[in-house]
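Q: entry_4.cif (mmCIF, C-alpha atoms) pasted underneath:
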```cif
data_query
#
loop_
_atom_site.label_atom_id
_atom_site.label_comp_id
_atom_site.auth_asym_id
_atom_site.auth_seq_id
_atom_site.Cartn_x
_atom_site.Cartn_y
_atom_site.Cartn_z
CA MET O 14 76.16 131.86 95.05
CA ASP O 15 78.71 129.89 97.09
CA LYS O 16 79.08 126.42 95.63
CA THR O 17 79.38 124.91 99.10
CA GLU O 18 75.88 126.15 99.97
CA LEU O 19 72.93 123.93 99.27
CA THR O 20 70.70 124.89 96.39
CA PRO O 21 67.17 125.84 97.50
CA GLU O 22 65.59 122.56 96.34
CA LEU O 23 68.36 120.48 97.97
CA GLU O 24 68.14 122.53 101.13
CA LYS O 25 64.43 121.75 101.42
CA LEU O 26 65.22 118.06 101.08
CA VAL O 27 68.08 118.07 103.59
CA LYS O 28 66.19 120.17 106.13
CA GLY O 29 63.34 117.70 106.11
CA VAL O 30 65.52 114.87 107.42
CA LYS O 31 68.01 114.24 110.21
CA LEU O 32 70.37 111.48 111.21
CA LYS O 33 68.52 108.77 113.08
CA GLU O 34 69.04 109.16 116.79
CA PRO O 35 69.77 106.06 118.85
CA PRO O 36 66.90 104.69 120.96
CA GLU O 37 67.06 105.82 124.60
CA GLN O 38 66.74 102.33 126.11
CA LEU O 39 69.76 101.12 124.13
CA MET O 40 71.82 104.04 125.39
CA ALA O 41 71.24 103.35 129.09
CA ASP O 42 74.34 101.20 129.48
CA TYR O 43 76.50 103.32 127.20
CA LEU O 44 78.81 104.83 129.83
CA SER O 45 79.27 101.51 131.63
CA GLY O 46 80.20 99.98 128.28
CA VAL O 47 82.85 102.65 127.73
CA ASN O 48 84.21 102.13 131.26
CA ALA O 49 84.35 98.36 130.71
CA LYS O 50 86.36 98.89 127.52
CA ILE O 51 88.71 101.27 129.33
CA ASP O 52 89.20 98.74 132.17
CA ARG O 53 89.80 95.93 129.68
CA GLY O 54 92.28 98.10 127.78
CA ALA O 55 94.07 98.98 131.01
CA GLU O 56 94.37 95.32 132.04
CA GLY O 57 96.72 94.35 129.27
CA ALA O 58 97.72 94.74 125.71
CA HIS O 59 95.06 93.78 123.25
CA PHE O 60 96.08 90.82 121.10
CA GLY O 61 94.04 91.35 117.98
CA PHE O 62 94.43 90.97 114.24
CA PRO O 63 97.41 93.37 113.82
CA GLN O 64 99.37 91.54 116.49
CA ILE O 65 98.57 88.15 114.95
CA ALA O 66 99.60 89.47 111.53
CA ILE O 67 102.93 90.74 112.91
CA VAL O 68 103.67 87.41 114.60
CA LEU O 69 102.83 85.52 111.40
CA ALA O 70 105.01 87.82 109.30
CA ILE O 71 107.98 87.36 111.64
CA GLY O 72 107.44 83.58 111.68
CA LEU O 73 107.29 83.42 107.88
CA THR O 74 110.46 85.51 107.61
CA PHE O 75 112.34 83.15 109.90
CA ALA O 76 111.00 80.09 108.07
CA GLY O 77 112.10 81.60 104.76
CA ALA O 78 115.56 82.40 106.09
CA PHE O 79 115.90 78.84 107.45
CA TYR O 80 114.79 77.37 104.10
CA LEU O 81 117.32 79.51 102.23
CA PHE O 82 120.01 78.40 104.66
CA LEU O 83 119.20 74.74 104.04
CA THR O 84 119.06 75.07 100.28
CA ARG O 85 122.15 77.25 99.89
CA PRO O 86 124.67 76.22 97.11
CA GLN O 87 127.05 73.48 98.37
CA GLY O 88 130.08 74.03 95.97
CA GLU O 89 133.49 74.18 97.69
CA SER O 90 135.83 77.05 97.18
CA PRO O 91 139.25 76.50 95.49
CA VAL O 92 140.88 76.73 98.91
CA GLN O 93 138.63 73.91 100.21
CA VAL O 94 139.38 71.78 97.12
CA ALA O 95 143.12 72.16 97.73
CA GLU O 96 142.69 71.17 101.38
CA ILE O 97 140.66 68.07 100.46
CA THR O 98 143.25 66.99 97.83
CA GLN O 99 146.02 67.35 100.36
CA LYS O 100 144.09 65.23 102.88
CA VAL O 101 143.43 62.49 100.30
CA GLU O 102 147.08 62.35 99.32
CA THR O 103 148.20 61.88 102.90
CA THR O 104 145.87 58.92 103.60
CA PRO O 105 147.50 55.38 103.78
CA LEU O 106 145.23 53.99 101.02
CA SER O 107 146.34 56.56 98.49
CA ALA O 108 150.00 55.94 99.38
CA GLU O 109 149.47 52.19 98.81
CA LEU O 110 147.77 52.82 95.47
CA SER O 111 150.52 55.09 94.27
CA GLY O 112 153.10 52.42 95.31
CA ALA O 113 151.26 49.69 93.36
CA ALA O 114 151.11 51.91 90.30
CA ALA O 115 154.83 52.42 90.50
CA LYS O 116 155.44 48.60 90.58
CA ILE O 117 153.61 47.95 87.27
CA GLU O 118 156.21 47.33 84.57
CA PRO O 119 155.64 48.59 81.04
CA LEU O 120 154.53 45.88 78.53
CA GLN O 121 157.15 44.49 76.14
CA PRO O 122 156.14 44.45 72.41
CA LEU O 123 155.23 40.93 71.13
CA SER O 124 156.95 39.24 68.20
CA LEU O 125 154.92 38.25 65.07
CA GLU O 126 154.76 34.55 66.07
CA GLU O 127 153.59 35.37 69.56
CA GLU O 128 150.90 37.66 68.19
CA MET O 129 149.63 34.93 65.85
CA GLU O 130 149.46 32.43 68.71
CA VAL O 131 147.44 34.87 70.74
CA LEU O 132 145.03 35.48 67.86
CA GLU O 133 144.52 31.73 67.20
CA ALA O 134 143.88 31.06 70.85
CA PHE O 135 141.42 33.92 70.93
CA GLY O 136 139.64 32.68 67.75
CA GLU O 137 139.10 29.16 69.18
CA GLU O 138 137.88 30.53 72.42
CA PHE O 139 135.55 32.96 70.68
CA GLN O 140 133.95 30.29 68.45
CA GLY O 141 133.09 28.16 71.48
CA GLU O 142 131.77 31.11 73.36
CA ALA O 143 129.78 32.39 70.37
CA SER O 144 127.99 29.05 69.92
CA ASP O 145 127.30 29.04 73.62
CA LEU O 146 125.86 32.49 73.25
CA PHE O 147 123.51 31.41 70.44
CA GLY O 148 122.74 28.22 72.31
CA ASP O 149 121.22 26.13 69.50
CA GLU O 150 123.79 24.40 67.32
CA GLU O 151 121.09 22.82 65.07
CA VAL O 152 119.88 26.24 64.04
CA PHE O 153 123.43 27.19 63.24
CA GLU O 154 123.83 24.13 61.00
CA GLU O 155 120.55 24.79 59.21
CA LEU O 156 121.62 28.32 58.53
CA ALA O 157 124.93 27.07 57.14
CA GLN O 158 123.05 24.61 54.82
CA LEU O 159 120.75 27.31 53.59
CA ASP O 160 123.74 29.42 52.77
CA GLU O 161 125.16 26.62 50.66
CA LEU O 162 121.94 26.08 48.67
CA GLU O 163 121.63 27.89 45.38
CA LEU O 164 118.51 29.84 44.83
CA SER O 165 116.03 28.37 42.25
CA PRO O 166 115.86 30.15 38.85
CA THR O 167 112.32 31.46 39.45
CA LEU O 168 113.20 33.00 42.71
CA SER O 169 116.48 34.41 41.45
CA THR O 170 114.87 36.05 38.35
CA PRO O 171 113.82 39.60 38.90
CA THR O 172 110.01 40.03 38.87
CA SER O 173 110.05 43.39 37.23
CA SER O 174 112.30 45.23 34.93
CA VAL O 175 113.34 48.69 35.82
CA MET N 23 81.76 124.60 139.96
CA GLU N 24 79.84 121.51 138.92
CA THR N 25 81.73 119.09 136.66
CA THR N 26 79.01 119.05 134.01
CA ALA N 27 79.36 122.79 133.52
CA LEU N 28 83.10 122.65 132.87
CA SER N 29 84.56 123.30 129.43
CA ASP N 30 86.00 120.50 127.33
CA GLU N 31 89.53 121.69 128.06
CA ALA N 32 88.99 121.64 131.83
CA LEU N 33 87.42 118.19 131.66
CA VAL N 34 90.30 116.91 129.52
CA THR N 35 92.80 118.21 132.09
CA LYS N 36 90.95 116.45 134.90
CA ALA N 37 90.59 113.24 132.89
CA ARG N 38 94.31 113.27 132.16
CA GLN N 39 94.90 113.19 135.89
CA GLY N 40 92.79 110.04 136.08
CA ASP N 41 89.42 111.59 136.91
CA ARG N 42 87.00 109.09 135.39
CA ASP N 43 83.96 111.18 136.34
CA ALA N 44 85.28 114.08 134.29
CA PHE N 45 85.79 111.74 131.35
CA GLY N 46 82.25 110.43 131.96
CA VAL N 47 80.94 113.97 131.45
CA LEU N 48 82.78 114.14 128.12
CA VAL N 49 81.24 110.79 127.16
CA HIS N 50 77.79 112.05 128.03
CA ARG N 51 78.40 115.25 126.09
CA TYR N 52 79.50 113.63 122.84
CA GLN N 53 78.01 110.14 122.84
CA ALA N 54 75.04 111.01 120.62
CA GLN N 55 77.14 112.80 118.00
CA ALA N 56 79.75 110.04 118.12
CA ILE N 57 77.11 107.44 117.34
CA LEU N 58 75.69 109.55 114.52
CA ILE N 59 79.11 109.95 112.93
CA ALA N 60 79.83 106.22 113.25
CA GLN N 61 76.36 105.45 111.92
CA SER N 62 76.96 107.52 108.81
CA VAL N 63 79.82 105.15 107.99
CA LEU N 64 78.52 101.84 109.31
CA ARG N 65 74.74 102.26 108.78
CA ASN N 66 74.07 99.95 111.69
CA PHE N 67 73.20 101.00 115.23
CA GLU N 68 74.83 98.20 117.21
CA LEU N 69 78.09 98.47 115.28
CA SER N 70 78.03 102.25 115.63
CA LYS N 71 77.51 102.02 119.36
CA ASP N 72 80.44 99.62 119.62
CA ALA N 73 82.64 101.80 117.41
CA SER N 74 81.88 104.96 119.38
CA GLN N 75 82.55 103.19 122.71
CA ASN N 76 85.88 101.92 121.32
CA ALA N 77 86.65 105.47 120.23
CA PHE N 78 85.97 106.79 123.74
CA ALA N 79 88.26 104.15 125.24
CA LYS N 80 90.99 105.00 122.70
CA ALA N 81 90.53 108.70 123.40
CA TYR N 82 90.89 108.04 127.14
CA PHE N 83 94.22 106.28 126.60
CA GLY N 84 95.27 108.87 124.03
CA LEU N 85 94.59 111.89 126.25
CA ALA N 86 98.28 112.00 127.18
CA ARG N 87 99.08 112.62 123.52
CA PHE N 88 96.33 115.20 123.03
CA ARG N 89 98.14 118.57 123.03
CA GLY N 90 95.14 120.82 122.70
CA GLU N 91 96.19 122.17 119.29
CA ALA N 92 92.79 121.13 117.97
CA LYS N 93 89.51 121.11 119.85
CA PHE N 94 88.82 117.95 121.84
CA LYS N 95 85.58 117.60 119.90
CA THR N 96 87.19 117.41 116.44
CA TRP N 97 90.12 115.34 117.73
CA PHE N 98 87.65 112.87 119.18
CA PHE N 99 85.42 112.85 116.08
CA ARG N 100 88.45 111.90 114.02
CA ILE N 101 89.03 108.91 116.31
CA VAL N 102 85.36 107.94 115.92
CA LEU N 103 85.54 108.19 112.14
CA ASN N 104 88.70 106.09 111.96
CA GLU N 105 87.29 103.48 114.31
CA ALA N 106 84.06 103.30 112.30
CA LYS N 107 86.00 102.89 109.05
CA ASP N 108 88.11 100.18 110.61
CA ILE N 109 85.03 98.26 111.73
CA TYR N 110 83.42 98.87 108.33
CA ARG N 111 86.38 97.23 106.57
CA LYS N 112 86.25 94.22 108.88
CA GLU N 113 82.50 93.87 108.49
CA LYS N 114 82.76 94.19 104.73
CA ALA N 115 85.30 91.38 104.65
CA ARG N 116 83.08 89.27 106.91
CA GLY N 117 80.01 90.12 104.81
CA LEU N 118 81.81 89.12 101.64
CA PHE N 119 82.82 85.85 103.23
CA LYS N 120 79.24 85.17 104.29
CA PHE N 121 78.02 86.17 100.84
CA TRP N 122 80.49 83.85 99.12
CA SER N 123 79.74 81.00 101.47
CA GLY N 124 76.00 81.50 100.81
CA ARG N 125 75.12 82.24 104.44
CA GLY N 126 73.87 85.75 103.93
CA THR N 127 73.84 88.84 101.78
CA GLU N 128 76.47 91.54 101.58
CA ASP N 129 74.17 94.28 102.82
CA GLU N 130 72.14 92.46 105.43
CA ASN N 131 73.38 94.73 108.27
CA VAL N 132 72.66 97.98 106.48
CA GLU N 133 70.04 100.15 108.19
CA SER N 134 68.61 103.50 107.22
CA VAL N 135 70.53 106.35 108.85
CA LEU N 136 68.07 109.12 108.08
CA GLU N 137 64.71 109.81 109.58
CA LEU N 138 62.10 112.38 108.74
CA ILE N 139 61.67 115.39 110.96
CA PRO N 140 58.05 115.04 112.08
CA ALA N 141 55.74 117.41 110.29
CA GLY N 142 52.20 118.20 111.32
CA GLY N 143 49.16 118.22 109.06
CA GLN N 144 50.44 115.84 106.40
CA SER N 145 48.00 113.66 104.54
CA PRO N 146 48.87 109.95 104.31
CA ARG N 147 49.83 110.49 100.68
CA GLU N 148 52.16 113.38 101.60
CA ALA N 149 53.70 111.31 104.38
CA PHE N 150 54.30 108.45 101.92
CA GLU N 151 55.91 110.78 99.39
CA ALA N 152 58.09 112.32 102.09
CA GLN N 153 59.24 108.84 103.07
CA GLU N 154 60.11 108.07 99.45
CA ALA N 155 61.99 111.34 99.08
CA LYS N 156 63.99 110.57 102.22
CA GLN N 157 64.97 107.15 100.85
CA HIS N 158 65.90 108.72 97.52
CA LEU N 159 68.10 111.29 99.27
CA GLU N 160 69.79 108.62 101.39
CA ARG N 161 70.53 106.50 98.33
CA ALA N 162 71.95 109.55 96.55
CA ILE N 163 74.18 110.43 99.52
CA TYR N 164 75.62 106.90 99.57
CA GLU N 165 76.28 107.05 95.85
CA LEU N 166 78.76 109.87 96.45
CA PRO N 167 82.48 109.11 96.64
CA GLU N 168 83.66 108.44 100.21
CA ARG N 169 85.33 111.80 100.91
CA GLU N 170 82.50 113.85 99.42
CA ARG N 171 79.96 111.85 101.40
CA GLU N 172 81.88 112.31 104.66
CA VAL N 173 82.18 116.05 104.13
CA PHE N 174 78.51 116.39 103.21
CA ILE N 175 77.29 114.39 106.21
CA LEU N 176 79.56 116.12 108.71
CA ARG N 177 78.61 119.57 107.39
CA TYR N 178 74.91 119.23 106.72
CA LEU N 179 73.69 116.33 108.82
CA ASN N 180 76.01 116.59 111.82
CA GLY N 181 75.95 120.36 111.60
CA LEU N 182 79.71 120.96 111.94
CA GLU N 183 81.36 124.19 110.81
CA LEU N 184 83.65 124.01 107.79
CA SER N 185 86.72 124.42 110.02
CA GLU N 186 85.48 121.61 112.28
CA VAL N 187 84.94 119.35 109.27
CA ALA N 188 88.49 120.15 108.13
CA ASP N 189 89.92 119.38 111.60
CA THR N 190 87.92 116.17 111.91
CA LEU N 191 89.08 114.87 108.54
CA GLY N 192 92.58 116.31 108.87
CA ILE N 193 92.37 118.24 105.58
CA ALA N 194 92.49 121.90 104.58
CA ILE N 195 89.35 124.04 104.55
CA GLY N 196 89.85 124.65 100.83
CA THR N 197 89.76 120.90 100.24
CA VAL N 198 86.60 120.61 102.32
CA LYS N 199 84.96 123.31 100.21
CA ALA N 200 85.99 121.59 96.98
CA HIS N 201 84.60 118.23 98.15
CA LEU N 202 81.43 119.89 99.30
CA ALA N 203 80.91 121.70 95.99
CA HIS N 204 81.47 118.49 94.02
CA GLY N 205 79.23 116.53 96.37
CA ILE N 206 76.38 118.99 96.10
CA GLN N 207 76.68 119.08 92.32
CA LYS N 208 76.56 115.28 92.12
CA LEU N 209 73.65 115.07 94.55
CA ARG N 210 71.70 117.51 92.41
CA SER N 211 72.35 115.54 89.26
CA ILE N 212 71.39 112.26 90.94
CA LEU N 213 68.25 113.64 92.53
CA LEU N 214 67.15 115.60 89.52
CA ALA N 215 67.64 112.69 87.16
CA PRO N 216 64.46 110.60 86.90
CA ALA N 217 61.77 111.70 89.31
CA GLY N 218 62.61 115.38 89.66
CA VAL N 219 63.76 116.93 92.86
CA GLN N 220 61.03 119.55 92.90
CA SER N 221 58.29 117.10 93.75
CA GLN N 222 60.45 115.43 96.41
CA ALA N 223 61.41 118.74 97.96
CA GLY N 224 57.77 119.65 97.97
CA SER N 225 56.85 116.50 99.86
CA LEU N 226 59.43 117.25 102.56
CA GLN N 227 58.55 120.92 102.82
CA GLY N 228 56.34 120.52 105.83
CA GLY N 229 59.20 118.81 107.66
CA GLY N 230 60.35 121.86 109.67
CA ALA N 231 63.70 123.60 109.59
CA ARG N 232 66.99 122.63 111.10
CA GLY N 233 69.89 124.84 111.92
#
```
Kindly present the structure from the file in structure tokens form.
A:
Amino acid sequence: MDKTELTPELEKLVKGVKLKEPPEQLMADYLSGVNAKIDRGAEGAHFGFPQIAIVLAIGLTFAGAFYLFLTRPQGESPVQVAEITQKVETTPLSAELSGAAAKIEPLQPLSLEEEMEVLEAFGEEFQGEASDLFGDEEVFEELAQLDELELSPTLSTPTSSV
Amino acid sequence: METTALSDEALVTKARQGDRDAFGVLVHRYQAQAILIAQSVLRNFELSKDASQNAFAKAYFGLARFRGEAKFKTWFFRIVLNEAKDIYRKEKARGLFKFWSGRGTEDENVESVLELIPAGGQSPREAFEAQEAKQHLERAIYELPEREREVFILRYLNGLELSEVADTLGIAIGTVKAHLAHGIQKLRSILLAPAGVQSQAGSLQGGGARG
């Protein structure tokens, strides 16, 4: 038996039914409906979902390209760097700076006496500034007194033997 | 010669030249079958009517591209099937959205596509059983994979020849036969499973024969 043929029991089932036919009253305006769709189609291009999707896709592509353009790497090429250096060197400010640098004379080495004078002057200045930094001279004095005091025997004896 | 008596080819030629009456005859000739094919996909009359009308409009604009290599009938049925599938996808997406948003169910637009062929002399019990068997058959048909279902419906419920089914679906006859064989085998296993097909076939027996 051909496998594409219905088996007897299935054939009985299938032959007892049919596809539901559309009601007559609902089919009365069928042809006019078709004609209306033809007229509408002839009037102009239909702007449906596929068209909207295409427009959106193109828009997104352009937006993406614009974003990539804005966020492209900004590093200059070696040629650009050379050009910029040349421009900087030719400006009046850089010429002035290079002139000032040329005027600075190299420092002469100090003698031993001169060095000592400098250190003494620096020491005096530092002491004054340091006390200013701490602010409270009384606290400083108290600390100095405490340093001078000897610790009492009880406190100086170790509490435990190792 | 009256327009209604013309062959499809002659009507297509006239319609290509802008004769809307000739195209109207084609519409009248195939509107019922177009709706049935769309209904087998969409399972809803209003949507099927809309899909078949869209298909006619598309066919009208596509007549320039129709070269007559296939029959107008199968060329047009393919347009109907594609249009119905397109609408089905959109409706499914809309149904899912409604289902998710809690404003409806996924299958609220689904209608029965089969009806019993009236049979005389049935008792109320027999009529009830026949109704149940019809529902069981319909459920089984829609459990089949898409291609097998399409082939089965076009062949046995729309009454197309195997070559017409192949042309409509754009596949080889051998492929149609393979799908049909698999479909029939699956239908048998589904229908025979719990209740037994014998009793259901028996309840439909008085339903008359179809060609």
Q: Could you jot down the CA of Arg161 (chain N) to CA of Leu213 (chain N) separation for me, Å, one decimal place?
A: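 Straight-line distance from CA of Arg161 (chain N) to CA of Leu213 (chain N) works out to 9.5 Å.
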Q: Tell me, counting all atoms listed in the file, for each residue of chain O within 9 Å of chain N, which pair of atoms is nearest and how far apart they are in Å to one decimal, in rows ordered by chain and increasing number, as a tab-separated table.
A:
```
residue	atom	partner	partner_atom	distance
O:Asp15	CA	N:Ala203	CA	8.6
O:Lys16	CA	N:Ala203	CA	5.1
O:Thr17	CA	N:Ala203	CA	4.7
O:Glu18	CA	N:Ala203	CA	7.8
O:Leu19	CA	N:Ile206	CA	6.8
O:Thr20	CA	N:Ile206	CA	8.2
O:Glu22	CA	N:Ala223	CA	5.9
O:Leu23	CA	N:Arg210	CA	7.1
O:Glu24	CA	N:Ala223	CA	8.3
O:Lys25	CA	N:Ala223	CA	5.5
O:Leu26	CA	N:Ala223	CA	5.0
O:Val27	CA	N:Tyr178	CA	7.6
O:Lys28	CA	N:Ala231	CA	5.5
O:Gly29	CA	N:Gly229	CA	4.6
O:Val30	CA	N:Leu138	CA	4.4
O:Lys31	CA	N:Leu136	CA	5.5
O:Leu32	CA	N:Leu136	CA	4.5
O:Lys33	CA	N:Leu136	CA	5.0
O:Glu34	CA	N:Leu58	CA	7.0
O:Pro35	CA	N:Phe67	CA	7.1
O:Met40	CA	N:Lys71	CA	8.5
O:Tyr43	CA	N:Gln75	CA	7.5
O:Leu44	CA	N:Gly46	CA	6.9
O:Gly46	CA	N:Gln75	CA	6.8
O:Val47	CA	N:Gln75	CA	5.1
O:Asn48	CA	N:Ala79	CA	7.5
O:Ala49	CA	N:Ala79	CA	8.9
O:Lys50	CA	N:Ala79	CA	6.0
O:Ile51	CA	N:Ala79	CA	5.0
O:Asp52	CA	N:Ala79	CA	8.8
O:Gly54	CA	N:Ala79	CA	7.7
O:Ala55	CA	N:Phe83	CA	8.5
```
Q: Here's a test: counting all atoms listed in the file, identify every protein, DNA and RNA residue with an atom at most 8 Å from (92.3, 117.6, 115.3) in the file's coordinate frame, and state them as a PyMOL selection string.
A: chain N and resi 91-94+96-98+100+189-192
Q: Any chance you can output those residues with C-alpha atoms as a CSV table (one decimal), in the coordinates of the input?
A:
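Result went into result.csv, see below:
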```csv
chain,number,residue,atom,x,y,z
N,91,GLU,CA,96.2,122.2,119.3
N,92,ALA,CA,92.8,121.1,118.0
N,93,LYS,CA,89.5,121.1,119.8
N,94,PHE,CA,88.8,118.0,121.8
N,96,THR,CA,87.2,117.4,116.4
N,97,TRP,CA,90.1,115.3,117.7
N,98,PHE,CA,87.6,112.9,119.2
N,100,ARG,CA,88.4,111.9,114.0
N,189,ASP,CA,89.9,119.4,111.6
N,190,THR,CA,87.9,116.2,111.9
N,191,LEU,CA,89.1,114.9,108.5
N,192,GLY,CA,92.6,116.3,108.9
```
Q: How far is it from CA of Thr98 (chain O) to CA of Thr84 (chain O), in Å with one decimal?
A: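 Separation between CA of Thr98 (chain O) and CA of Thr84 (chain O): 25.6 Å.
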Q: When you draw a straight line from CA of Ile67 (chain O) to CA of Leu69 (chain N), how long is it in Å?
A: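 Computed distance, CA of Ile67 (chain O) to CA of Leu69 (chain N), equals 26.1 Å.
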Q: Draw an axis-aligned box over all listed atoms of region 190-198 of chain N, pad each side with 5 Å, and write its centre and edge lengths in Å, one decimal, as AutoDock Vina command-line options.
A:
```
--center_x 89.6 --center_y 119.8 --center_z 106.1 --size_x 16.0 --size_y 19.8 --size_z 21.7
```
Q: Excluding Lys107 (chain N) and residues on its chain fewer than 6 positions from it, collect all residues at most 9 Å away from it, counting all atoms listed in the file, and give them as a PDB file with C-alpha atoms, keeping the file's coordinate frame.
A:
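And here's out09.pdb as it stands now:
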```pdb
ATOM      1  CA  ALA N  60      79.830 106.220 113.250  1.00  0.00           C
ATOM      2  CA  VAL N  63      79.820 105.150 107.990  1.00  0.00           C
ATOM      3  CA  LEU N  64      78.520 101.840 109.310  1.00  0.00           C
TER       4      LEU N  64
END
```
Q: Go through N:Ile212, N:Leu182, N:Lys95, N:Ala86 and flag the residue nearest Ala37 (chain N), using all atoms listed in the file for the distances.
A: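 Of all the options, N:Ala86 lies closest to Ala37 (chain N).
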